[in-house]
Each structure stands twice: as C-alpha cells, then as structure tokens.
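The structure under discussion appears below in the form of structure tokens.
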Amino acid sequence: MLDAVIRAALRYRAIVVLTALAVLFYGSYLATTMPIDVLPDLDRPRVVLLVECPGLAPNEVEARVAHPIETAILGANGVEAVRGQCTAGLAVIYVEFGWQVDVRAARQTVQERLATVLNQMPPGVRPEMPPTSSIMGQIMHIGVASKDGTTKPMELGTLAHTVIRPRLLKIPGVAEVIVLGGEKKQYQVLLNPDALRKFGVTVPEVEAAVRASNLNATGGFDVRGDTERPIRVIAQLGPEPAKVIADLNQVVVKPPPPQLPGHPDGKDGSASGATARPILLHQVARVVEGPELKRGDASVDGMPGVVITVVKQPHADTRALTEQVHAALRELEPAFPKDVVVNHDLFQLKNFIDRGVYNVGEALVVGAVLVLIVLTLFLLNVGTTFISLTAIPLSLAVTVIVFKFVGQLTGVELTINVMTLGGVAVAMGELVDDAIVDVENIFRRLRENNRAAEPKHPLRVVYEASREIRSAIVFGTVVVVLVFLPLFALSGVEGRLFAPLGMAYIVSILASLLVSVTVTPVASYYLLAHSRAVHAERDG
C-alpha cells in the first residue's frame with residue numbers, strides 16, 4: 001500500500017506540492033483561530049445547589065436540609081459523588097457526574113430528585129441551582145472605586161449592581177457576575193416601639209402594609225361600545241428616592257375601625273374621633289435610605305470599593321471573553337462619575353494563559369532551532385536540511401487540522417494549551433526522523449546512480465530509495481506511537497489532562513510519517529536530482 005502511495009506522490013508531483021502548501025496555509029490559519037487556554041478542558045459535569053436557611057445553626061442545616069437532599073440525590077443516574085458544606089444559614093451541595101453525562105441532563109436529574117424532598121424542607125427554604133460555570137470559571141476581578149471619596153460606597157454598590165453587572169451578563173459566554181463590597185441600597189422602615197404601643201399596631205401589620213403598598217393591580221376592563229380599556233391600579237413605588245420615602249410615609253398601616261350606625265363621626269362612646277382616623281406609617285416608624293447589612297467587604301488600591309468577579313460558562317474561550325469584557329467596560333466608563341476609576345487588572349486568567357503558552361512556545365522554538373543546527377552540522381547540505389525541516393511545519397499543520405475536525409465530531413472544541421504544545425515539543429526532534437532517514441537514503445542512491453555506468457532515471461532512483469527504507473520508517477514510527485498509547489488508559493482528571501498531550505504527540509508523529517512518504521520523495525526529486533552535491537567527487 002505504501003509503495004502505491006510513494007508511486008502516486010511521484011507521479012502527481014505538482015498536486016502533492018500544491019496540497020502540501022494548502023495544508024500548510026490552512027493549518028496556520030486554524031492555529032490562529034483556535035481557542036487558547038492554560039490546561040485542557042477539565043470541566044467535569046457538576047451541579048451546585050445553594051440553600052439559604054435563615055436562622056438555622058450549622059448542625060440544623062446539616063440535619064434538616066443537607067442530609068435529606070444528599071440522600072435523595074445519591075444513586076441517581078450518572079451521579080458519582082455528592083459533597084456538602086454547611087454553615088450558619090447556608091448549605092452548599094456539589095453533585096458530580098460522570099464525564100460522559102451532559103450537564104443539561106445532569107441538572108434535570110438533580111431537579112427531579114429535588115422535587116421529592118421539597119416537602120421535607122423547613123418553611124421558606126428552597127434549594128436553588130446557580131448558572132452552569134466552568135471549574136476554572138473566575139476569569140477576571142474588576143475593581144471599581146472612587147479616587148477621592150466623592151462617590152459613596154452605596155453609590156458604588158448601586159452602580160455595580162444596576163449598571164455594570166447587567167451589561168456584563170449580556171456578553172455571550174458569561175455565566176455569572178458576582179459583586180463584592182460597596183453597599184446595597186435599601187429603604188428601611190425603622191419602627192418606634194412606643195408609637196406601636198400607643199396606636200395598638202403590631203409588627204406583622206406594618207410588614208403586611210408595606211408589602212401590599214408596592215403592588216400594581218388590575219381592575220378588569222372598561223367596555224364602551226367596541227372598545228375595551230384595561231383598568232389598572234398603579235401603586236408600585238417610583239424610582240426617585242425622595243418620592244419613594246414620601247409615598248411610604250403615607251402608607252396606611254391600620255385602617256380606622258368601622259363606624260356604628262348613627263355615629264358618622266365615630267363619637268359613639270366606644271371610640272373617639274381621634275381613633276377613627278387611619279394610622280399612617282410615619283406615625284409609627286421612620287423611613288430612611290440606608291445600606292443592607294454587609295457580609296464581606298472589598299477595597300481597591302487601599303480605597304473602599306467594589307470587586308466584580310466575572311465567571312465564564314464551560315468551554316468558553318477565556319481570552320476572547322476577556323477582551324469582550326474589557327470592551328464592555330470601556331463602553332460604560334464615559335457614563336460613570338468623574339471620580340470613579342475602574343481597575344481592569346486586579347486579576348486576569350488571560351495573563352496566566354498567555355504566559356504559560358508563551359513559555360511552552362518558547363521551548364518549541366528553541367527545540368526547532370536546535371534541530372536546524374544539528375541537521376545543518378551533520379548533513380552539511382542545504383537541500384537535505386531544507387527537505388528534512390519541511391516535516392516540522394507540515395506535521396504541525398496536519399495536527400491542528402486533525403484537532404479541529406476531532407472537536408467538530410465530538411462537539412468539544414479542543415484548545416491550544418500547555419499540554420498539546422508540550423506533546424508537540426516532545427515530538428519536535430522526532431518529527432524529522434522519518435524525513436531524515438528517507439532523504440539521506442535518496443541522496444546516497446542518487447550519488448551512486450550518478451557514478452554508475454548506466455544511470456537510471458532520477459524518478460526511478462527516488463522511488464526505489466524511498467521503498468528501501470519504508471519498512472524501517474513505519475516500524476520505527478509505530479513503536480514510538482505505542483509508547484504513548486497507555487496515556488489514553490488514564491481515567492478521571494489525569495486522563496483529561498494527559499490525553500491531549502498523547503494525542504498531539506501521536507498525531508504529529510503519524511503526520512511526519514505521511515510527509516516522509518509523500519512530500520519528502522517529491523521534494524528530494526526537485527531539489528536533489530540535479531544538485532551539485534550529488535555530482536560531487538566526495539562527501540562533505
């Protein structure tokens with residue numbers, strides 16, 4: 001079979017050269033478009049449950065919330081591990097699935113199991129599933145602060161929650177935006193115990209009145225002829241703080257008692273005219289604008305501020321997503337107060353990716369230069385050195401193309417990372433082995449043919465020389481490939497980590513074999529058949 005491949009390559013030499021150039025350019029293009037990351041995809045299908053349990057101690061959270069949920073989920077289809085962390089008022093439960101499970105199916109499985117234990121939860125406790133995020137999902141920390149303190153922490157918190165966070169969530173690939181620090185604005189109703197006792201008002205009555213005062217309602221339709229007009233009761237509080245406080249102050253906490261017949265003014269002996277009036281909120285409480293109770297704080301460059309964490313979705317391109325976040329922030333910054341500064345560089349995972357890939361890429365370039373030096377010193381011929389070196393870029397281009405098509409077939413896009421580049425770096429010296437063996441034998445046979453009494457046609461000599469060492473090239477390549485096959489037997493995270501290295505190594509080595517039986521004979525015919533070195537009297 002390989003003999004036929006060599007014959008076909010030499011017969012259709014121009015097509016081989018054009019195909020090699022096309023593969024080289026297409027592979028180079030794909031290499032510039034593939035996502036770049038530090039490590040391969042380690043996103044094991046995992047579902048996280050957050051359960052808020054106000055007022056419960058850690059042992060109560062464990063016994064009444066976490067344990068029933070964990071028991072219900074254990075044994076579900078695809079579940080491999082369930083872990084829980086409990087603290088005062090909060091339970092975090094991690095459900096891990098097998099690598100082959102789709103994360104959407106995993107979330108559905110957990111949701112179905114949760115439905116069986118909701119009736120066992122304490123009143124008001126409902127488990128929630130946050131958005132799906134990557135295991136290395138925190139790609140950025142962004143700092144927002146006032147450089148002179150003009151903008152207060154509450155205004156910074158409002159800016160982060162109402163302006164920055166919604167804009168960043170619009171970016172495709174962002175799973176969650178977490179805001180830490182600043183102050184979250186509230187309209188607080190500060191009750192006066194003496195006034196409550198004086199007017200006979202209870203705390204639940206105040207709570208119910210305030211909740212009911214911020215609702216819009218429908219009143220049906222006003223039908224006039226062929227026209228229907230909806231009737232709406234608009235009672236929702238407006239956005240202006242002063243108006244909100246004024247409206248809340250006028251909320252009726254306790255309506256007047258029903259008046260007895262014959263006493264329209266309420267003067268009936270059992271109730272005075274003063275008690276016949278409704279009790280308003282400002283009579284029993286003070287409404288102010290204040291911050292929510294803090295649980296954690298943040299500072300930026302030593303100043304009180306807000307730290308915003310951007311979390312990406314699984315399989316999202318970290319570097320491209322980081323650039324989109326920067327662009328969105330630059331779009332928002334002109335609308336911020338003049339004293340507000342945005343620090344983009346508190347933390348960026350992109351910097352670690354670039355540095356890690358740069359270090360491995362540097363080793364790759366150094367290896368290629370060393371290969372060039374060694375080939376030049378030992379072959380002492382420009383033509384043979386160039387032919388041998390063609391195996392490196394062509395093999396790398398084929399590797400990138402294979403990675404692209406494997407990603408399309410599996411649905412998981414493979415990335416350029418330190419493991420794939422490491423596999424190529426390990427294979428760097430071996431990529432030229434097959435080509436060296438082939439071109440050296442072709443060079444020797446061409447020189448012998450040149451000295452023969454009846455020289456053969458150079459094409460015939462190139463074909464026979466390549467055919468002679470074909471078995472040695474194939475067996476040598478197969479043995480090297482077999483050494484790396486055990487990497488694919490690794491399971492768990494180690495298998496996901498080292499499999500791309502083995503795949504990059506094996507694909508590049510097999511690509512060098514393909515180059516040695518197609519491109520190398522053709523290049524040897526074009527560059528060596530009429531070379532001066534072939535006609536020289538002695539070796540260099």
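Labels used: A, B, ... for chains in the order of the structure tokens, numbers from 1 for residues in each chain, and numbers from 1 for ligands as shown.
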
Checklist entry - Residues at most 9 Å from Arg46 of chain A, counting only C-alpha atoms, excluding those fewer than 6 positions away in the same chain, as a PyMOL selection string? => result chain A and resi 94-98+103+106-107+132+135

Written file, previous selection with N, CA and C atoms, as a PDB file, in the first residue's frame:
ATOM      1  N   TYR A  94     -22.549  19.910  46.300  1.00  0.00           N
ATOM      2  CA  TYR A  94     -21.942  19.659  44.995  1.00  0.00           C
ATOM      3  C   TYR A  94     -22.302  18.247  44.554  1.00  0.00           C
ATOM      4  N   VAL A  95     -22.874  18.122  43.367  1.00  0.00           N
ATOM      5  CA  VAL A  95     -23.247  16.825  42.801  1.00  0.00           C
ATOM      6  C   VAL A  95     -22.387  16.612  41.553  1.00  0.00           C
ATOM      7  N   GLU A  96     -21.527  15.597  41.587  1.00  0.00           N
ATOM      8  CA  GLU A  96     -20.611  15.333  40.482  1.00  0.00           C
ATOM      9  C   GLU A  96     -21.095  14.129  39.684  1.00  0.00           C
ATOM     10  N   PHE A  97     -21.045  14.271  38.369  1.00  0.00           N
ATOM     11  CA  PHE A  97     -21.491  13.231  37.447  1.00  0.00           C
ATOM     12  C   PHE A  97     -20.300  12.679  36.663  1.00  0.00           C
ATOM     13  N   GLY A  98     -20.542  11.579  35.944  1.00  0.00           N
ATOM     14  CA  GLY A  98     -19.516  11.005  35.088  1.00  0.00           C
ATOM     15  C   GLY A  98     -19.191  11.922  33.919  1.00  0.00           C
ATOM     16  N   VAL A 103     -24.233  18.161  30.833  1.00  0.00           N
ATOM     17  CA  VAL A 103     -24.532  18.957  32.021  1.00  0.00           C
ATOM     18  C   VAL A 103     -26.015  19.328  32.093  1.00  0.00           C
ATOM     19  N   ALA A 106     -27.696  16.430  33.547  1.00  0.00           N
ATOM     20  CA  ALA A 106     -27.367  16.356  34.973  1.00  0.00           C
ATOM     21  C   ALA A 106     -28.249  17.299  35.793  1.00  0.00           C
ATOM     22  N   ARG A 107     -28.436  18.518  35.306  1.00  0.00           N
ATOM     23  CA  ARG A 107     -29.283  19.471  36.026  1.00  0.00           C
ATOM     24  C   ARG A 107     -30.735  18.987  36.088  1.00  0.00           C
ATOM     25  N   THR A 132     -24.705  27.369  35.230  1.00  0.00           N
ATOM     26  CA  THR A 132     -23.585  26.462  34.984  1.00  0.00           C
ATOM     27  C   THR A 132     -22.325  27.268  34.713  1.00  0.00           C
ATOM     28  N   ILE A 135     -15.050  25.008  35.857  1.00  0.00           N
ATOM     29  CA  ILE A 135     -14.265  24.710  37.055  1.00  0.00           C
ATOM     30  C   ILE A 135     -13.155  25.737  37.236  1.00  0.00           C
TER      31      ILE A 135
END

Sorted by chain and rising residue number, which residues of segment 2-85 of chain A lie within 10 Å of segment 402-408 of chain A, and what are their closest atom pairs and distances in Å to one decimal, counting only C-alpha atoms, as CSV?
residue,atom,partner,partner_atom,distance
A:Gly27,CA,A:Val402,CA,9.3
A:Leu30,CA,A:Lys404,CA,7.7
A:Ala31,CA,A:Lys404,CA,9.2
A:Met34,CA,A:Lys404,CA,8.0

Next on the checklist: Let me make sure I understand: among A:Met129, A:Ala504, A:Met140, A:Leu114, which one has the smallest atom-to-atom distance to Val48 of chain A if we use only C-alpha atoms?
Outcome noted: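 Of the candidates, the smallest distance to Val48 of chain A is held by A:Met129.
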
Next on the checklist: I need the residue nearest Leu514 of chain A from this list: A:Lys185, A:Arg460, A:Lys147, A:Arg470. Use only C-alpha atoms for the distance.
Outcome noted: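 Nearest candidate to Leu514 of chain A out of A:Lys185, A:Arg460, A:Lys147, A:Arg470: A:Arg470.
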
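Residues within 10 Å of Arg444 of chain A, counting only C-alpha atoms and excluding same-chain residues fewer than 5 positions away, are A:Val439, A:Asn449, A:Asn450, A:Ala465, A:Val534.
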
Go ahead and save the residues from that selection, with all heavy atoms, as a CSV table (one decimal), in the first residue's frame.
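Wrote it out as part_19.csv, contents follow:
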chain,number,residue,atom,x,y,z
A,439,VAL,N,15.4,11.0,3.2
A,439,VAL,CA,16.2,11.9,2.3
A,439,VAL,C,17.7,11.5,2.3
A,439,VAL,O,18.4,11.7,1.3
A,439,VAL,CB,16.0,13.4,2.8
A,439,VAL,CG1,16.8,13.7,4.1
A,439,VAL,CG2,16.5,14.3,1.7
A,449,ASN,N,23.9,6.4,-8.3
A,449,ASN,CA,23.3,6.3,-9.6
A,449,ASN,C,24.1,7.2,-10.6
A,449,ASN,O,24.3,6.9,-11.7
A,449,ASN,CB,21.8,6.7,-9.6
A,449,ASN,CG,21.2,6.6,-11.0
A,449,ASN,OD1,21.1,5.6,-11.6
A,449,ASN,ND2,20.9,7.8,-11.5
A,450,ASN,N,24.5,8.4,-10.1
A,450,ASN,CA,25.3,9.3,-10.9
A,450,ASN,C,26.6,8.8,-11.3
A,450,ASN,O,27.2,9.1,-12.3
A,450,ASN,CB,25.5,10.7,-10.1
A,450,ASN,CG,26.1,11.7,-10.9
A,450,ASN,OD1,25.6,12.1,-12.0
A,450,ASN,ND2,27.3,12.2,-10.5
A,465,ALA,N,14.7,4.2,-3.6
A,465,ALA,CA,15.4,4.6,-2.4
A,465,ALA,C,14.4,4.7,-1.2
A,465,ALA,O,14.6,4.3,-0.1
A,465,ALA,CB,16.2,5.9,-2.6
A,534,VAL,N,25.1,16.0,-5.3
A,534,VAL,CA,25.0,14.7,-5.9
A,534,VAL,C,26.1,14.3,-6.9
A,534,VAL,O,26.6,13.2,-6.9
A,534,VAL,CB,23.6,14.5,-6.5
A,534,VAL,CG1,23.5,13.2,-7.3
A,534,VAL,CG2,22.5,14.6,-5.5

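Close contacts of segment 486-501 of chain A, defined as residues with an atom at most 6 Å away when counting only C-alpha atoms, with chain neighbours fewer than 4 positions off set aside, comprise Met419, Thr420 and Gly423 of chain A.
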